[in-house]
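Take a look at the structure below.
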Amino acid sequence: MAQTLTDMPLELLREYRPELPEPDGMDAFWAETLAEAQAAARPARLTPVNGPVRALSVHDLVFTGFAGDEIRGWVVRPHGDEPLPAVIEFIGYGGGRGLPGDKIAWAAAGYVHVIMDTRGQGSSWSIGDTPDPHGSAAAYPGVMTRGIHDPRDYYYRRLYTDAARLVDVVRELPGVDAARIAVTGGSQGGALAIAAAALAGDAVAAVLPDVPFLCDIPNAILRTPSAPFTEVTRWLSIHRDDTAAALHTLSHIDAAILARRIRVPAFFSVALMDDIVLPSGVFAAFHSLASEDAAIEVYPYNGHEGGGTRHWARQVAWLDARFGVAPGA
C-alpha cells in the first residue's frame, strides 16, 4: 500500500477533465467487432456444481465471446426460479474466476451473481480456466502489450468483447430479470464494467466500477509508478519508433473515452493513495459519463485495495435503491 498521495490533490481531481481524442471510426470498430462475435455465438451452457456452498445455487457457465471463443464463468444465486436482478462481475488483472463459491456476496444479498473468467489470465492471484487462443507479435510479459501494434489484434479488444457478449448472455439466463442487470468489478474489472456498459447500451441498467484501470491511458503510462501500466512503458522503451501506433491502439480501449457512451446510473470508487491506478484516471472516466445519476466514493487513505467490504456494502445499498430491491427482502 502506498503511504502518500500518488496524484494531484482532491480539489484538482474534481476538476480534472483531460482532452482525450477519439480515434476515427471508433464506434464502427466496436460495432463490427461485436457483430462478428454475435455471428459466431453459440448457445450458453449451465451445469450445476455440487460443493460446500449449499445455501445458494452454483452453476458453471460456458458462453461464447470474441470470435466464438468459449469463455467460462460462474452463476451464483439464491435457490428458486424467481426472476431476480443480476450483477455481472469482472476480475482484476492477473486473476480468473476462481473456484466455485469463492465469490458469494452478491448472491447472499439477493442478486444473481455472474462472474466472468478472464481469457489468458488466472494464474497470478486467483485461478482461471479460459485460454486466449490468439497470438501476438513481440510483447512485454503480461497482457498489456499483446497485439498493441494494431487495435484489431490487441488483447483488450478480445476481452472487452467477452464482457459485452456476457451481458447479452445473462439477459437470456433463466431466473434473471433482464431489465435489471448491473456490471461491476475492481481495477481491470472496473474497466471491463465501463466497457460492457458502453458497448452493450440499454442492456446494462447500472454500472459500478471500483478503482477502474485502463483510464486516461496516455497520462497513466507516463506517470504511474507501478505495474501493469509500466508494461507499456517498458515496451515503448524498446520499441522506440512505435509510440504513435501503440497510443492509437490504446485509444480504442481507454475507459475514459468509452465512458462517454454511458447514460445509466453509475457509482464509482477511487483511492487517493493508489499507485497502480492513479486517481486522475478514475476521475477522467467519471467526468466523461453522460449519466444524470452518477456518484463517486473517495477513499483518501487507501491504496489499490480501495474501500473493501465497506465499499461493497455501499454498492449494495446504492444498487438496491435503483433496482427497487427492499433491504432484507
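Note on naming: chains are A, B, ... as they come in the C-alpha cells, residues start from 1 per chain, ligands start from 1 in the order shown.
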
Using only C-alpha atoms, tabulate the residues of range 154-236 of chain A lying at most 7 Å from any atom of range 52-72 of chain A, each with its closest atom pair and that distance in Å to one decimal, by chain and increasing residue number, as CSV.
```
residue,atom,partner,partner_atom,distance
A:Arg158,CA,A:Phe66,CA,5.3
A:Thr161,CA,A:Phe66,CA,5.5
A:Asp162,CA,A:Gly65,CA,4.3
A:Arg165,CA,A:Gly65,CA,5.8
```

Write out, as a CSV table (one decimal), in the first residue's frame, the residues just selected, with N, CA, C and O atoms.
```csv
chain,number,residue,atom,x,y,z
A,158,ARG,N,-10.3,-8.3,-27.5
A,158,ARG,CA,-11.0,-9.6,-27.2
A,158,ARG,C,-11.7,-9.6,-25.9
A,158,ARG,O,-12.8,-10.1,-25.7
A,161,THR,N,-14.8,-7.5,-25.7
A,161,THR,CA,-15.9,-8.2,-26.5
A,161,THR,C,-16.5,-9.3,-25.6
A,161,THR,O,-17.7,-9.5,-25.6
A,162,ASP,N,-15.7,-10.1,-24.9
A,162,ASP,CA,-16.2,-11.1,-24.0
A,162,ASP,C,-17.2,-10.5,-23.0
A,162,ASP,O,-18.2,-11.0,-22.7
A,165,ARG,N,-20.4,-9.4,-24.7
A,165,ARG,CA,-21.2,-10.6,-25.0
A,165,ARG,C,-21.9,-11.2,-23.8
A,165,ARG,O,-23.0,-11.6,-23.9
```

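Every protein, DNA or RNA residue with an atom at most 10 Å from Val76 in chain A, where only C-alpha atoms count and chain neighbours fewer than 6 positions away do not, is listed here: Val49, Val53, Leu56, Ser57, Val58, His59, Asp60, Ala86, Pro100, Gly101, Lys103, Ile104, Ala105, Trp106, Ala107, Ala108, Tyr111, Val112, His113, Val114 and Ile115 of chain A.
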
TODO: Please indicate the distance in Å from CA of Thr33 in chain A to CA of Leu247 in chain A, rounded to one decimal place.
DONE: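 CA of Leu247 in chain A lies 19.6 Å from CA of Thr33 in chain A.
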
Task: Members of range 38-249 of chain A assigned strand (DSSP E or B) by DSSP, as a ChimeraX atom specification - done: /A:45-48,56-64,70-78,84-90,112-116,123,127,176-186,206-210

Export N, CA and C atoms of the chosen residues as a compact mmCIF listing (two decimals), in the first residue's frame?
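The resulting file, again15.txt, is reproduced below:
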```txt
# COMPACT_ATOMS: atom_id res chain seq x y z
N ARG A 45 -24.12 -22.63 -21.94
CA ARG A 45 -24.38 -23.86 -21.21
C ARG A 45 -24.24 -23.62 -19.72
N LEU A 46 -25.19 -24.13 -18.95
CA LEU A 46 -25.15 -24.05 -17.49
C LEU A 46 -25.12 -25.47 -16.93
N THR A 47 -24.18 -25.72 -16.02
CA THR A 47 -24.06 -27.03 -15.40
C THR A 47 -24.02 -26.87 -13.89
N PRO A 48 -24.93 -27.55 -13.14
CA PRO A 48 -24.91 -27.41 -11.68
C PRO A 48 -23.59 -27.87 -11.09
N LEU A 56 -26.86 -21.57 -1.45
CA LEU A 56 -27.02 -20.87 -2.71
C LEU A 56 -26.89 -21.87 -3.85
N SER A 57 -27.41 -21.50 -5.00
CA SER A 57 -27.28 -22.31 -6.20
C SER A 57 -26.03 -21.86 -6.96
N VAL A 58 -25.17 -22.81 -7.36
CA VAL A 58 -23.95 -22.51 -8.08
C VAL A 58 -23.94 -23.29 -9.39
N HIS A 59 -23.72 -22.59 -10.52
CA HIS A 59 -23.63 -23.24 -11.82
C HIS A 59 -22.35 -22.82 -12.52
N ASP A 60 -21.77 -23.77 -13.25
CA ASP A 60 -20.69 -23.47 -14.18
C ASP A 60 -21.31 -22.93 -15.47
N LEU A 61 -20.77 -21.83 -15.97
CA LEU A 61 -21.28 -21.19 -17.19
C LEU A 61 -20.22 -21.28 -18.28
N VAL A 62 -20.66 -21.65 -19.47
CA VAL A 62 -19.81 -21.57 -20.66
C VAL A 62 -20.58 -20.78 -21.72
N PHE A 63 -19.98 -19.70 -22.23
CA PHE A 63 -20.61 -18.91 -23.28
C PHE A 63 -19.55 -18.55 -24.31
N THR A 64 -19.97 -17.99 -25.43
CA THR A 64 -19.02 -17.64 -26.47
C THR A 64 -18.81 -16.13 -26.50
N GLU A 70 -14.83 -19.97 -26.49
CA GLU A 70 -15.56 -20.35 -25.28
C GLU A 70 -14.95 -19.68 -24.05
N ILE A 71 -15.81 -19.03 -23.27
CA ILE A 71 -15.41 -18.33 -22.05
C ILE A 71 -16.17 -18.96 -20.89
N ARG A 72 -15.49 -19.13 -19.75
CA ARG A 72 -16.12 -19.77 -18.60
C ARG A 72 -16.53 -18.71 -17.57
N GLY A 73 -17.38 -19.12 -16.67
CA GLY A 73 -17.81 -18.24 -15.59
C GLY A 73 -18.57 -19.04 -14.55
N TRP A 74 -19.01 -18.34 -13.53
CA TRP A 74 -19.88 -18.92 -12.51
C TRP A 74 -21.18 -18.12 -12.46
N VAL A 75 -22.26 -18.81 -12.16
CA VAL A 75 -23.54 -18.16 -11.86
C VAL A 75 -23.95 -18.62 -10.47
N VAL A 76 -24.03 -17.68 -9.55
CA VAL A 76 -24.37 -17.97 -8.16
C VAL A 76 -25.63 -17.17 -7.82
N ARG A 77 -26.63 -17.82 -7.22
CA ARG A 77 -27.88 -17.13 -6.95
C ARG A 77 -28.61 -17.79 -5.79
N PRO A 78 -29.58 -17.10 -5.20
CA PRO A 78 -30.45 -17.76 -4.24
C PRO A 78 -31.21 -18.90 -4.92
N LEU A 84 -34.73 -12.50 -10.76
CA LEU A 84 -34.03 -11.60 -9.86
C LEU A 84 -33.13 -10.66 -10.66
N PRO A 85 -32.82 -9.49 -10.12
CA PRO A 85 -31.81 -8.65 -10.77
C PRO A 85 -30.45 -9.35 -10.72
N ALA A 86 -29.60 -9.00 -11.68
CA ALA A 86 -28.30 -9.66 -11.80
C ALA A 86 -27.16 -8.65 -11.70
N VAL A 87 -26.06 -9.11 -11.13
CA VAL A 87 -24.81 -8.35 -11.10
C VAL A 87 -23.75 -9.19 -11.80
N ILE A 88 -23.19 -8.64 -12.87
CA ILE A 88 -22.08 -9.29 -13.57
C ILE A 88 -20.78 -8.69 -13.04
N GLU A 89 -19.88 -9.55 -12.59
CA GLU A 89 -18.61 -9.09 -12.04
C GLU A 89 -17.45 -9.52 -12.93
N PHE A 90 -16.56 -8.58 -13.19
CA PHE A 90 -15.34 -8.83 -13.95
C PHE A 90 -14.14 -8.76 -13.01
N VAL A 112 -28.69 -12.38 -8.65
CA VAL A 112 -27.99 -13.37 -9.46
C VAL A 112 -26.60 -12.82 -9.73
N HIS A 113 -25.58 -13.54 -9.29
CA HIS A 113 -24.19 -13.06 -9.40
C HIS A 113 -23.49 -13.88 -10.48
N VAL A 114 -23.06 -13.21 -11.54
CA VAL A 114 -22.37 -13.86 -12.64
C VAL A 114 -20.92 -13.37 -12.64
N ILE A 115 -19.97 -14.31 -12.56
CA ILE A 115 -18.55 -13.96 -12.52
C ILE A 115 -17.91 -14.45 -13.81
N MET A 116 -17.31 -13.53 -14.58
CA MET A 116 -16.68 -13.90 -15.85
C MET A 116 -15.22 -14.25 -15.65
N SER A 123 -3.65 -16.80 -13.34
CA SER A 123 -2.54 -17.55 -12.75
C SER A 123 -1.68 -16.67 -11.86
N ILE A 127 -7.42 -18.41 -9.67
CA ILE A 127 -7.30 -19.35 -10.78
C ILE A 127 -8.32 -19.06 -11.87
N VAL A 176 -33.43 -14.56 -14.48
CA VAL A 176 -32.82 -13.23 -14.48
C VAL A 176 -33.83 -12.21 -14.98
N ASP A 177 -33.97 -11.13 -14.25
CA ASP A 177 -34.78 -10.00 -14.69
C ASP A 177 -33.94 -9.19 -15.67
N ALA A 178 -34.21 -9.32 -16.96
CA ALA A 178 -33.37 -8.72 -17.99
C ALA A 178 -33.36 -7.20 -17.95
N ALA A 179 -34.32 -6.60 -17.29
CA ALA A 179 -34.37 -5.13 -17.20
C ALA A 179 -33.51 -4.60 -16.07
N ARG A 180 -32.98 -5.50 -15.22
CA ARG A 180 -32.20 -5.06 -14.06
C ARG A 180 -30.87 -5.83 -14.02
N ILE A 181 -29.96 -5.41 -14.91
CA ILE A 181 -28.63 -6.02 -14.96
C ILE A 181 -27.61 -4.93 -14.70
N ALA A 182 -26.74 -5.16 -13.72
CA ALA A 182 -25.66 -4.23 -13.39
C ALA A 182 -24.32 -4.89 -13.68
N VAL A 183 -23.30 -4.07 -13.93
CA VAL A 183 -21.95 -4.58 -14.16
C VAL A 183 -21.02 -3.92 -13.15
N THR A 184 -20.06 -4.71 -12.65
CA THR A 184 -19.13 -4.20 -11.65
C THR A 184 -17.80 -4.92 -11.76
N GLY A 185 -16.83 -4.47 -10.99
CA GLY A 185 -15.52 -5.09 -10.94
C GLY A 185 -14.52 -4.09 -10.42
N GLY A 186 -13.40 -4.62 -9.92
CA GLY A 186 -12.34 -3.78 -9.40
C GLY A 186 -11.13 -3.76 -10.32
N ALA A 206 -27.11 -0.40 -14.80
CA ALA A 206 -26.29 0.32 -13.82
C ALA A 206 -24.87 -0.18 -13.91
N VAL A 207 -23.92 0.71 -13.58
CA VAL A 207 -22.50 0.35 -13.65
C VAL A 207 -21.82 0.80 -12.37
N LEU A 208 -20.99 -0.11 -11.78
CA LEU A 208 -20.34 0.16 -10.50
C LEU A 208 -18.84 -0.17 -10.60
N PRO A 209 -18.05 0.69 -11.24
CA PRO A 209 -16.61 0.42 -11.36
C PRO A 209 -15.88 0.81 -10.07
N ASP A 210 -15.04 -0.10 -9.61
CA ASP A 210 -14.29 0.08 -8.36
C ASP A 210 -12.82 0.29 -8.72
```

Open item on the list: My list of candidates is A:Pro218, A:Gly307, A:Gly98, A:Pro265. Which is closest to Ser280 in chain A when distances are computed with only C-alpha atoms?
Closed with: A:Pro218

Open item on the list: Please extract the residues of range 139-327 of chain A with a backbone DSSP assignment of helix (DSSP H, G or I) and present them as a PyMOL selection string.
Closed with: chain A and resi 155-171+188-203+217-223+229-238+243-251+255-261+279-288+308-323

- [ ] Please provide as number ranges by chain all residues within 8 Å of Thr249 in chain A, with the sequence filter that same-chain residues fewer than 5 positions apart are discarded (counting only C-alpha atoms).
- [x] A: 148-151, 154

Write to file, as a CSV table (one decimal), in the first residue's frame, the residues of the selection just made, with N, CA and C atoms.
```csv
chain,number,residue,atom,x,y,z
A,148,ILE,N,-0.3,-4.9,-29.5
A,148,ILE,CA,-0.5,-3.4,-29.4
A,148,ILE,C,-0.2,-2.6,-30.6
A,149,HIS,N,0.4,-3.2,-31.6
A,149,HIS,CA,0.6,-2.5,-32.9
A,149,HIS,C,-0.7,-2.2,-33.6
A,150,ASP,N,-1.7,-3.0,-33.4
A,150,ASP,CA,-3.0,-2.8,-34.2
A,150,ASP,C,-4.2,-3.1,-33.3
A,151,PRO,N,-5.1,-2.1,-33.3
A,151,PRO,CA,-6.3,-2.3,-32.5
A,151,PRO,C,-7.1,-3.6,-32.7
A,154,TYR,N,-5.3,-6.4,-30.7
A,154,TYR,CA,-5.0,-6.1,-29.3
A,154,TYR,C,-5.8,-7.0,-28.4
```

Task: Selection: 10 Å around Ala197 in chain A, only C-alpha atoms, excl. self and same-chain fewer than 6 positions, as a ChimeraX atom specification - done: /A:163-164,167,182-184,191,203-208,258-259,261-264,266

For range 290-302 of chain A: contacts at 9 Å, only C-alpha atoms, fewer than 3 positions along chain excluded, given as a short mmCIF file (atom, residue, chain, number, x, y, z; two decimals) with N, CA and C atoms, in the first residue's frame:
```
data_model
loop_
_atom_site.label_atom_id
_atom_site.label_comp_id
_atom_site.auth_asym_id
_atom_site.auth_seq_id
_atom_site.Cartn_x
_atom_site.Cartn_y
_atom_site.Cartn_z
N MET A 1 0.84 -1.20 0.00
CA MET A 1 0.00 0.00 0.00
C MET A 1 0.87 1.25 0.00
N ALA A 2 0.52 2.20 -0.86
CA ALA A 2 1.25 3.46 -0.89
C ALA A 2 1.02 4.23 0.40
N GLN A 3 1.98 5.05 0.78
CA GLN A 3 1.89 5.76 2.05
C GLN A 3 1.57 7.24 1.89
N THR A 4 1.57 7.75 0.67
CA THR A 4 1.29 9.16 0.43
C THR A 4 0.36 9.28 -0.76
N LEU A 5 -0.19 10.47 -0.94
CA LEU A 5 -1.00 10.71 -2.13
C LEU A 5 -0.16 10.45 -3.37
N LEU A 10 -7.29 16.41 -4.06
CA LEU A 10 -8.67 16.09 -4.39
C LEU A 10 -9.38 17.25 -5.08
N ALA A 259 -16.44 5.75 -21.59
CA ALA A 259 -17.41 6.20 -20.59
C ALA A 259 -18.35 7.27 -21.14
N ARG A 260 -17.95 7.98 -22.20
CA ARG A 260 -18.81 9.00 -22.78
C ARG A 260 -20.11 8.42 -23.32
N ARG A 261 -20.14 7.12 -23.51
CA ARG A 261 -21.32 6.46 -24.07
C ARG A 261 -22.26 5.93 -23.00
N ILE A 262 -21.94 6.13 -21.74
CA ILE A 262 -22.73 5.57 -20.64
C ILE A 262 -23.74 6.61 -20.14
N ARG A 263 -25.00 6.23 -20.16
CA ARG A 263 -26.07 7.12 -19.71
C ARG A 263 -26.84 6.56 -18.51
N VAL A 264 -26.49 5.37 -18.07
CA VAL A 264 -27.22 4.73 -16.97
C VAL A 264 -26.60 5.16 -15.64
N PRO A 265 -27.30 4.94 -14.52
CA PRO A 265 -26.73 5.27 -13.21
C PRO A 265 -25.36 4.62 -13.00
N ALA A 266 -24.46 5.39 -12.38
CA ALA A 266 -23.08 4.93 -12.20
C ALA A 266 -22.60 5.28 -10.81
N PHE A 267 -21.88 4.33 -10.18
CA PHE A 267 -21.33 4.52 -8.84
C PHE A 267 -19.88 4.06 -8.86
N PHE A 268 -18.95 5.02 -8.83
CA PHE A 268 -17.51 4.76 -8.91
C PHE A 268 -16.89 4.77 -7.51
N SER A 269 -15.68 4.24 -7.43
CA SER A 269 -14.85 4.46 -6.25
C SER A 269 -13.44 4.80 -6.70
N VAL A 270 -12.73 5.55 -5.84
CA VAL A 270 -11.36 5.95 -6.11
C VAL A 270 -10.60 6.00 -4.80
N ALA A 271 -9.30 5.65 -4.85
CA ALA A 271 -8.45 5.68 -3.67
C ALA A 271 -7.28 6.63 -3.92
N LEU A 272 -7.07 7.58 -3.04
CA LEU A 272 -6.12 8.65 -3.30
C LEU A 272 -4.66 8.25 -3.06
N MET A 273 -4.41 7.09 -2.45
CA MET A 273 -3.05 6.59 -2.27
C MET A 273 -2.75 5.42 -3.21
N ASP A 274 -3.52 5.32 -4.28
CA ASP A 274 -3.39 4.23 -5.24
C ASP A 274 -2.21 4.50 -6.18
N PHE A 283 -11.03 9.73 -12.11
CA PHE A 283 -11.83 10.94 -12.26
C PHE A 283 -12.03 11.30 -13.73
N PHE A 286 -14.87 9.13 -14.74
CA PHE A 286 -16.10 9.57 -14.07
C PHE A 286 -16.65 10.85 -14.70
N HIS A 287 -15.77 11.79 -15.00
CA HIS A 287 -16.21 13.06 -15.59
C HIS A 287 -16.65 12.91 -17.04
N GLU A 305 -6.42 -1.26 -2.84
CA GLU A 305 -7.48 -2.08 -2.23
C GLU A 305 -8.79 -1.32 -2.10
N GLY A 306 -8.73 0.01 -2.20
CA GLY A 306 -9.94 0.82 -2.15
C GLY A 306 -10.70 0.66 -0.85
N GLY A 307 -12.02 0.64 -0.95
CA GLY A 307 -12.86 0.62 0.24
C GLY A 307 -13.21 -0.75 0.76
N HIS A 311 -16.98 -0.66 1.09
CA HIS A 311 -17.48 -0.10 -0.17
C HIS A 311 -18.51 -1.03 -0.80
#
```

TODO: Grab the CA of Thr230 in chain A to CA of Ala139 in chain A distance for me, in Å with one decimal place.
DONE: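 Interatomic distance, CA of Thr230 in chain A to CA of Ala139 in chain A: 12.8 Å.
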
Open item on the list: I want to know what sits within 7 Å of Ile221 in chain A, based on only C-alpha atoms, with residues of the same chain fewer than 6 positions away left out; could you give that as a ChimeraX atom specification?
Closed with: /A:229-230,232-233

Open item on the list: At a cut-off of 8 Å, using only C-alpha atoms, what residues contact Asp129 in chain A? Leave out same-chain residues fewer than 4 positions from it and give the result as a PyMOL selection string.
Closed with: chain A and resi 72+96-97+117+119+122

Task: Atom-to-atom span, CA of Asp7 in chain A and CA of Ala244 in chain A, Å - done: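 Atom-to-atom, CA of Asp7 in chain A to CA of Ala244 in chain A, that is 25.5 Å.
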